[in-house]
$ cat target_24.tsv   # TSV, C-alpha atoms
chain	number	residue	atom	x	y	z
Z	76	MET	CA	12.43	-20.84	-30.76
Z	77	ASN	CA	8.93	-21.92	-29.62
Z	78	GLY	CA	8.32	-18.53	-27.96
Z	79	ILE	CA	10.83	-19.16	-25.16
Z	80	SER	CA	12.42	-15.84	-24.29
Z	81	GLY	CA	14.55	-16.80	-21.31
Z	82	GLN	CA	12.39	-14.92	-18.82
Z	83	PHE	CA	11.57	-16.51	-15.51
Z	84	ARG	CA	7.97	-15.36	-15.60
Z	85	LYS	CA	6.11	-14.19	-18.64
Z	86	THR	CA	4.56	-10.77	-18.22
Z	87	THR	CA	1.72	-9.62	-20.38
Z	88	TRP	CA	-0.20	-6.38	-20.48
Z	89	ASP	CA	-3.44	-7.08	-18.65
Z	90	PRO	CA	-5.23	-3.81	-17.84
Z	91	PHE	CA	-8.14	-5.56	-16.13
Z	92	LEU	CA	-5.77	-7.35	-13.73
Z	93	ILE	CA	-3.87	-4.13	-13.01
Z	94	ILE	CA	-7.07	-2.17	-12.32
Z	95	CYS	CA	-8.37	-4.95	-10.05
Z	96	GLN	CA	-5.06	-4.99	-8.16
Z	97	ILE	CA	-5.14	-1.19	-7.75
Z	98	ILE	CA	-8.70	-1.35	-6.42
Z	99	ALA	CA	-7.84	-4.22	-4.07
Z	100	VAL	CA	-4.75	-2.50	-2.64
Z	101	GLN	CA	-6.64	0.79	-2.21
Z	102	THR	CA	-9.60	-0.94	-0.59
Z	103	ILE	CA	-7.39	-2.79	1.89
Z	104	MET	CA	-5.51	0.38	2.76
Z	105	TYR	CA	-8.67	2.44	3.35
Z	106	PHE	CA	-10.39	-0.42	5.20
Z	107	PHE	CA	-7.53	-0.76	7.69
Z	108	LEU	CA	-7.06	3.01	7.91
Z	109	GLY	CA	-10.72	3.19	8.92
Z	110	ILE	CA	-10.24	0.45	11.51
Z	111	TRP	CA	-7.17	2.19	13.02
Z	112	ILE	CA	-9.03	5.52	13.12
Z	113	TRP	CA	-12.12	3.92	14.67
Z	114	MET	CA	-10.05	2.12	17.33
Z	115	THR	CA	-8.00	5.19	18.18
Z	116	ALA	CA	-10.98	7.55	18.29
Z	117	THR	CA	-12.88	5.08	20.48
Z	118	LEU	CA	-9.97	4.72	22.90
Z	119	MET	CA	-9.40	8.47	23.01
Z	120	GLY	CA	-13.11	9.23	23.37
Z	121	SER	CA	-13.09	11.55	20.36
Z	122	THR	CA	-15.46	11.78	17.42
Z	123	ARG	CA	-14.94	9.25	14.66
Z	124	SER	CA	-14.61	11.16	11.43
Z	125	LEU	CA	-13.22	10.94	7.91
Z	126	ASP	CA	-11.28	14.09	8.76
Z	127	TYR	CA	-8.55	11.93	10.31
Z	128	ALA	CA	-8.01	10.18	6.99
Z	129	PHE	CA	-8.42	13.09	4.56
Z	130	GLN	CA	-8.17	16.46	6.36
Z	131	TYR	CA	-4.74	18.10	6.00
Z	132	LYS	CA	-4.88	19.87	9.36
Z	133	GLU	CA	-5.15	16.55	11.25
Z	134	ILE	CA	-1.57	15.68	10.35
Z	135	HIS	CA	0.63	17.67	12.71
Z	136	VAL	CA	3.12	17.22	15.54
Z	137	ARG	CA	1.65	19.82	17.91
Z	138	ASP	CA	-0.15	17.40	20.23
Z	139	PHE	CA	-0.76	13.75	21.04
Z	140	GLY	CA	-3.71	13.50	18.62
Z	141	GLY	CA	-1.51	14.56	15.72
Z	142	HIS	CA	1.12	12.03	16.75
Z	143	LEU	CA	-1.55	9.31	16.78
Z	144	VAL	CA	-2.72	10.20	13.26
Z	145	ILE	CA	0.89	10.06	12.02
Z	146	THR	CA	1.37	6.69	13.73
Z	147	ILE	CA	-1.84	5.37	12.17
Z	148	PHE	CA	-0.65	6.34	8.69
Z	149	ILE	CA	2.74	4.70	9.23
Z	150	ILE	CA	1.13	1.48	10.49
Z	151	ASN	CA	-1.19	1.61	7.51
Z	152	ALA	CA	1.81	1.90	5.17
Z	153	LEU	CA	2.98	-1.45	6.60
Z	154	ILE	CA	-0.49	-2.87	5.88
Z	155	GLY	CA	-0.10	-1.51	2.35
Z	156	ALA	CA	3.21	-3.38	2.05
Z	157	LEU	CA	1.47	-6.60	3.07
Z	158	ALA	CA	-1.21	-5.89	0.46
Z	159	LEU	CA	1.48	-5.47	-2.19
Z	160	TRP	CA	3.05	-8.76	-1.13
Z	161	ARG	CA	-0.22	-10.71	-1.24
Z	162	ILE	CA	-1.92	-9.03	-4.21
Z	163	VAL	CA	0.79	-7.70	-6.54
Z	164	GLN	CA	3.42	-10.35	-5.73
Z	165	ARG	CA	6.09	-8.73	-7.92
Z	166	THR	CA	9.09	-6.81	-6.60
Z	167	LYS	CA	9.36	-4.76	-9.79
Z	168	GLN	CA	5.79	-3.47	-9.45
Z	169	CYS	CA	5.82	-2.46	-5.77
Z	170	MET	CA	6.94	1.11	-6.42
Z	171	ASP	CA	4.31	1.58	-9.13
Z	172	PHE	CA	1.49	0.35	-6.92
Z	173	ALA	CA	2.68	2.24	-3.82
Z	174	CYS	CA	2.87	5.50	-5.79
Z	175	THR	CA	-0.50	4.83	-7.42
Z	176	ALA	CA	-2.16	4.19	-4.03
Z	177	HIS	CA	-0.81	7.44	-2.64
Z	178	LEU	CA	-1.65	9.37	-5.81
Z	179	ILE	CA	-5.25	8.18	-5.43
Z	180	HIS	CA	-5.10	9.25	-1.77
Z	181	LEU	CA	-3.83	12.68	-2.87
Z	182	ILE	CA	-6.79	13.03	-5.25
Z	183	CYS	CA	-9.25	11.90	-2.54
Z	184	CYS	CA	-7.78	14.43	-0.08
Z	185	TRP	CA	-7.88	17.17	-2.70
Z	186	LEU	CA	-11.55	16.44	-3.40
Z	187	TYR	CA	-12.41	16.14	0.32
Z	188	ASN	CA	-10.76	19.46	1.24
Z	189	GLY	CA	-11.54	21.34	-1.96
Z	190	THR	CA	-7.93	22.58	-2.12
Z	191	PHE	CA	-4.60	21.09	-3.09
Z	192	PRO	CA	-2.50	20.06	-0.06
Z	193	THR	CA	0.11	22.64	0.85
Z	194	THR	CA	1.00	21.61	4.40
Z	195	PHE	CA	4.56	20.43	4.88
Z	196	SER	CA	3.56	17.76	7.40
Z	197	TRP	CA	1.02	16.19	5.00
Z	198	TRP	CA	3.60	15.91	2.22
Z	199	CYS	CA	6.34	14.59	4.54
Z	200	LEU	CA	4.05	11.96	6.01
Z	201	ASN	CA	2.82	10.76	2.63
Z	202	ILE	CA	6.34	10.61	1.16
Z	203	VAL	CA	7.52	8.61	4.17
Z	204	CYS	CA	4.49	6.30	3.83
Z	205	VAL	CA	5.20	5.72	0.12
Z	206	ILE	CA	8.80	4.84	0.96
Z	207	ILE	CA	7.80	2.48	3.80
Z	208	MET	CA	5.13	0.78	1.69
Z	209	CYS	CA	7.42	0.41	-1.31
Z	210	VAL	CA	10.56	-0.79	0.50
Z	211	CYS	CA	8.73	-3.20	2.81
Z	212	GLY	CA	6.58	-4.50	-0.06
Z	213	GLU	CA	9.70	-5.04	-2.19
Z	214	PHE	CA	11.43	-6.82	0.69
Z	215	LEU	CA	8.50	-9.20	1.21
Z	216	CYS	CA	8.06	-9.87	-2.51
Z	217	MET	CA	11.78	-10.42	-3.00
Z	218	ARG	CA	11.89	-12.95	-0.16
Z	219	THR	CA	9.05	-14.85	-1.79
Z	220	GLU	CA	10.58	-14.64	-5.28
Z	221	LEU	CA	13.95	-15.86	-4.03
Z	222	GLN	CA	12.68	-18.89	-2.17
Z	223	ALA	CA	14.24	-22.13	-3.29
Z	224	ILE	CA	12.30	-23.87	-6.03
Z	225	PRO	CA	11.92	-27.56	-5.18
Z	226	LEU	CA	13.32	-29.76	-7.89
Z	227	SER	CA	11.87	-33.04	-6.82
Z	228	MET	CA	12.18	-35.62	-9.57
Z	229	ASN	CA	9.95	-38.21	-7.89
Z	230	SER	CA	6.82	-37.14	-9.74
Z	231	GLN	CA	8.55	-36.86	-13.08
Z	232	ARG	CA	10.43	-40.16	-13.14
Z	233	THR	CA	9.76	-42.35	-16.06
Z	234	ALA	CA	10.73	-45.92	-16.54
Z	235	LEU	CA	13.82	-46.27	-18.64

$ encode --input "target_24.tsv" --output "structure tokens"
Amino acid sequence: MNGISGQFRKTTWDPFLIICQIIAVQTIMYFFLGIWIWMTATLMGSTRSLDYAFQYKEIHVRDFGGHLVITIFIINALIGALALWRIVQRTKQCMDFACTAHLIHLICCWLYNGTFPTTFSWWCLNIVCVIIMCVCGEFLCMRTELQAIPLSMNSQRTAL
């Protein structure tokens, strides 16, 4: 059989690669979240703070500031989808990486606040962001995976 299993792409368990991908996706997400927060806080004339990224009370629909924080997180979920597309590159793994990124965010928020999140708005926003990141990441990866594979025979021709 020569080890041919009929799979398109061979997958092997590579914990180092997976950990590096998790770190890369998380870093990109927090980097851009920081940029969006910095830009918004600068434009609004408010204090730049990690509270916007990790504080539960900042996620609300009571005023314009809360709406901006929600918008920032949704835009960042799209950035996360792009990170999945460029770093993970596998449709099957998008949900795993999206959930892992948000689980890490949950742990960071829990540590930052000292209490487990109980606000409805925080949970709704993060569930919506996981869905956006996962579905958009899967869409982008699937488009790449389904691109036509060129079957040019010019480079493989041999003289008969």

$ closest_residue --input "target_24.tsv" --among "Z:Ile149, Z:Ile134, Z:Phe91, Z:Ala158" --to "Ile103 (chain Z)" --atoms "all atoms listed in the file"
Z:Ala158

$ atom_distance --input "target_24.tsv" --atom1 "CA of Thr166 (chain Z)" --atom2 "CA of Cys216 (chain Z)"
5.2 Å

$ atom_distance --input "target_24.tsv" --atom1 "CA of Leu226 (chain Z)" --atom2 "CA of Leu159 (chain Z)"
27.6 Å

$ residues_around --input "target_24.tsv" --residues "Trp197 (chain Z)" --least-positions-apart "2" --cutoff "12 Å" --atoms "only C-alpha atoms" --output "JSON list (two decimals) with C-alpha atoms, keeping the file's coordinate frame"
[["chain", "number", "residue", "atom", "x", "y", "z"],
["Z", 127, "TYR", "CA", -8.55, 11.93, 10.31],
["Z", 128, "ALA", "CA", -8.01, 10.18, 6.99],
["Z", 129, "PHE", "CA", -8.42, 13.09, 4.56],
["Z", 130, "GLN", "CA", -8.17, 16.46, 6.36],
["Z", 131, "TYR", "CA", -4.74, 18.10, 6.00],
["Z", 132, "LYS", "CA", -4.88, 19.87, 9.36],
["Z", 133, "GLU", "CA", -5.15, 16.55, 11.25],
["Z", 134, "ILE", "CA", -1.57, 15.68, 10.35],
["Z", 135, "HIS", "CA", 0.63, 17.67, 12.71],
["Z", 136, "VAL", "CA", 3.12, 17.22, 15.54],
["Z", 141, "GLY", "CA", -1.51, 14.56, 15.72],
["Z", 144, "VAL", "CA", -2.72, 10.20, 13.26],
["Z", 145, "ILE", "CA", 0.89, 10.06, 12.02],
["Z", 148, "PHE", "CA", -0.65, 6.34, 8.69],
["Z", 177, "HIS", "CA", -0.81, 7.44, -2.64],
["Z", 180, "HIS", "CA", -5.10, 9.25, -1.77],
["Z", 181, "LEU", "CA", -3.83, 12.68, -2.87],
["Z", 184, "CYS", "CA", -7.78, 14.43, -0.08],
["Z", 185, "TRP", "CA", -7.88, 17.17, -2.70],
["Z", 191, "PHE", "CA", -4.60, 21.09, -3.09],
["Z", 192, "PRO", "CA", -2.50, 20.06, -0.06],
["Z", 193, "THR", "CA", 0.11, 22.64, 0.85],
["Z", 194, "THR", "CA", 1.00, 21.61, 4.40],
["Z", 195, "PHE", "CA", 4.56, 20.43, 4.88],
["Z", 199, "CYS", "CA", 6.34, 14.59, 4.54],
["Z", 200, "LEU", "CA", 4.05, 11.96, 6.01],
["Z", 201, "ASN", "CA", 2.82, 10.76, 2.63],
["Z", 202, "ILE", "CA", 6.34, 10.61, 1.16],
["Z", 203, "VAL", "CA", 7.52, 8.61, 4.17],
["Z", 204, "CYS", "CA", 4.49, 6.30, 3.83]]

$ atom_distance --input "target_24.tsv" --atom1 "CA of Ile150 (chain Z)" --atom2 "CA of Leu108 (chain Z)"
8.7 Å

$ closest_residue --input "target_24.tsv" --among "Z:Gly212, Z:Tyr105, Z:Leu125, Z:Cys169" --to "Asn188 (chain Z)" --atoms "only C-alpha atoms"
Z:Leu125

$ residues_around --input "target_24.tsv" --residues "Val100 (chain Z)" --least-positions-apart "6" --cutoff "12 Å" --atoms "only C-alpha atoms" --output "count of residues only"
29

$ decode --input "target_24.tsv" --residues "region 97-182 of chain Z" --atoms "C-alpha atoms" --output "PDB file, in the first residue's frame"
ATOM      1  CA  ILE Z  97      -2.936  29.194  19.059  1.00  0.00           C
ATOM      2  CA  ILE Z  98      -0.389  31.763  20.238  1.00  0.00           C
ATOM      3  CA  ALA Z  99      -0.279  33.417  16.804  1.00  0.00           C
ATOM      4  CA  VAL Z 100      -4.074  33.674  16.486  1.00  0.00           C
ATOM      5  CA  GLN Z 101      -4.403  34.996  20.055  1.00  0.00           C
ATOM      6  CA  THR Z 102      -1.601  37.517  19.535  1.00  0.00           C
ATOM      7  CA  ILE Z 103      -3.137  38.834  16.322  1.00  0.00           C
ATOM      8  CA  MET Z 104      -6.555  39.126  17.937  1.00  0.00           C
ATOM      9  CA  TYR Z 105      -5.271  41.014  20.995  1.00  0.00           C
ATOM     10  CA  PHE Z 106      -2.949  43.184  18.896  1.00  0.00           C
ATOM     11  CA  PHE Z 107      -5.791  44.366  16.664  1.00  0.00           C
ATOM     12  CA  LEU Z 108      -8.204  44.639  19.600  1.00  0.00           C
ATOM     13  CA  GLY Z 109      -5.655  46.976  21.186  1.00  0.00           C
ATOM     14  CA  ILE Z 110      -5.380  49.004  17.987  1.00  0.00           C
ATOM     15  CA  TRP Z 111      -9.189  49.337  17.667  1.00  0.00           C
ATOM     16  CA  ILE Z 112      -9.470  50.359  21.335  1.00  0.00           C
ATOM     17  CA  TRP Z 113      -6.613  52.861  21.012  1.00  0.00           C
ATOM     18  CA  MET Z 114      -8.120  54.411  17.857  1.00  0.00           C
ATOM     19  CA  THR Z 115     -11.613  54.608  19.316  1.00  0.00           C
ATOM     20  CA  ALA Z 116     -10.478  55.997  22.667  1.00  0.00           C
ATOM     21  CA  THR Z 117      -8.317  58.586  20.899  1.00  0.00           C
ATOM     22  CA  LEU Z 118     -11.172  59.687  18.635  1.00  0.00           C
ATOM     23  CA  MET Z 119     -13.619  59.811  21.544  1.00  0.00           C
ATOM     24  CA  GLY Z 120     -11.149  61.610  23.811  1.00  0.00           C
ATOM     25  CA  SER Z 121     -11.486  58.974  26.526  1.00  0.00           C
ATOM     26  CA  THR Z 122      -8.835  57.184  28.553  1.00  0.00           C
ATOM     27  CA  ARG Z 123      -7.128  54.268  26.852  1.00  0.00           C
ATOM     28  CA  SER Z 124      -7.434  51.290  29.131  1.00  0.00           C
ATOM     29  CA  LEU Z 125      -7.397  47.503  29.186  1.00  0.00           C
ATOM     30  CA  ASP Z 126     -10.842  47.754  30.760  1.00  0.00           C
ATOM     31  CA  TYR Z 127     -12.361  48.003  27.277  1.00  0.00           C
ATOM     32  CA  ALA Z 128     -10.905  44.618  26.371  1.00  0.00           C
ATOM     33  CA  PHE Z 129     -11.376  42.724  29.647  1.00  0.00           C
ATOM     34  CA  GLN Z 130     -13.860  44.500  31.946  1.00  0.00           C
ATOM     35  CA  TYR Z 131     -17.359  42.972  31.854  1.00  0.00           C
ATOM     36  CA  LYS Z 132     -19.150  46.235  32.580  1.00  0.00           C
ATOM     37  CA  GLU Z 133     -17.765  47.869  29.410  1.00  0.00           C
ATOM     38  CA  ILE Z 134     -19.917  45.618  27.235  1.00  0.00           C
ATOM     39  CA  HIS Z 135     -23.409  47.089  27.330  1.00  0.00           C
ATOM     40  CA  VAL Z 136     -26.002  48.717  25.091  1.00  0.00           C
ATOM     41  CA  ARG Z 137     -26.874  51.631  27.384  1.00  0.00           C
ATOM     42  CA  ASP Z 138     -24.861  54.301  25.576  1.00  0.00           C
ATOM     43  CA  PHE Z 139     -22.713  55.036  22.548  1.00  0.00           C
ATOM     44  CA  GLY Z 140     -19.507  53.923  24.302  1.00  0.00           C
ATOM     45  CA  GLY Z 141     -20.957  50.472  24.912  1.00  0.00           C
ATOM     46  CA  HIS Z 142     -22.060  50.259  21.284  1.00  0.00           C
ATOM     47  CA  LEU Z 143     -18.505  51.122  20.198  1.00  0.00           C
ATOM     48  CA  VAL Z 144     -17.005  48.387  22.378  1.00  0.00           C
ATOM     49  CA  ILE Z 145     -19.453  45.856  20.907  1.00  0.00           C
ATOM     50  CA  THR Z 146     -18.588  47.031  17.382  1.00  0.00           C
ATOM     51  CA  ILE Z 147     -14.864  46.732  18.135  1.00  0.00           C
ATOM     52  CA  PHE Z 148     -15.297  43.129  19.280  1.00  0.00           C
ATOM     53  CA  ILE Z 149     -17.323  42.228  16.181  1.00  0.00           C
ATOM     54  CA  ILE Z 150     -14.726  43.795  13.869  1.00  0.00           C
ATOM     55  CA  ASN Z 151     -12.054  41.937  15.806  1.00  0.00           C
ATOM     56  CA  ALA Z 152     -13.922  38.655  15.245  1.00  0.00           C
ATOM     57  CA  LEU Z 153     -13.536  39.312  11.499  1.00  0.00           C
ATOM     58  CA  ILE Z 154      -9.805  39.880  12.071  1.00  0.00           C
ATOM     59  CA  GLY Z 155      -9.781  36.561  13.934  1.00  0.00           C
ATOM     60  CA  ALA Z 156     -11.369  34.901  10.896  1.00  0.00           C
ATOM     61  CA  LEU Z 157      -8.609  36.298   8.700  1.00  0.00           C
ATOM     62  CA  ALA Z 158      -6.052  34.958  11.191  1.00  0.00           C
ATOM     63  CA  LEU Z 159      -7.652  31.516  10.974  1.00  0.00           C
ATOM     64  CA  TRP Z 160      -7.510  31.681   7.185  1.00  0.00           C
ATOM     65  CA  ARG Z 161      -3.839  32.698   7.057  1.00  0.00           C
ATOM     66  CA  ILE Z 162      -2.479  30.722  10.022  1.00  0.00           C
ATOM     67  CA  VAL Z 163      -4.650  27.623  10.481  1.00  0.00           C
ATOM     68  CA  GLN Z 164      -5.626  27.198   6.811  1.00  0.00           C
ATOM     69  CA  ARG Z 165      -7.958  24.263   7.509  1.00  0.00           C
ATOM     70  CA  THR Z 166     -11.752  24.465   7.432  1.00  0.00           C
ATOM     71  CA  LYS Z 167     -12.095  21.553   9.851  1.00  0.00           C
ATOM     72  CA  GLN Z 168     -10.005  23.305  12.505  1.00  0.00           C
ATOM     73  CA  CYS Z 169     -11.639  26.755  12.438  1.00  0.00           C
ATOM     74  CA  MET Z 170     -14.206  25.965  15.120  1.00  0.00           C
ATOM     75  CA  ASP Z 171     -11.540  24.492  17.407  1.00  0.00           C
ATOM     76  CA  PHE Z 172      -9.289  27.529  17.109  1.00  0.00           C
ATOM     77  CA  ALA Z 173     -12.148  30.058  17.391  1.00  0.00           C
ATOM     78  CA  CYS Z 174     -13.417  28.381  20.567  1.00  0.00           C
ATOM     79  CA  THR Z 175      -9.888  28.119  21.964  1.00  0.00           C
ATOM     80  CA  ALA Z 176      -9.219  31.833  21.336  1.00  0.00           C
ATOM     81  CA  HIS Z 177     -12.405  32.813  23.134  1.00  0.00           C
ATOM     82  CA  LEU Z 178     -11.800  30.339  25.955  1.00  0.00           C
ATOM     83  CA  ILE Z 179      -8.415  31.982  26.507  1.00  0.00           C
ATOM     84  CA  HIS Z 180     -10.166  35.366  26.435  1.00  0.00           C
ATOM     85  CA  LEU Z 181     -12.643  34.092  29.045  1.00  0.00           C
ATOM     86  CA  ILE Z 182      -9.753  33.048  31.298  1.00  0.00           C
TER      87      ILE Z 182
END
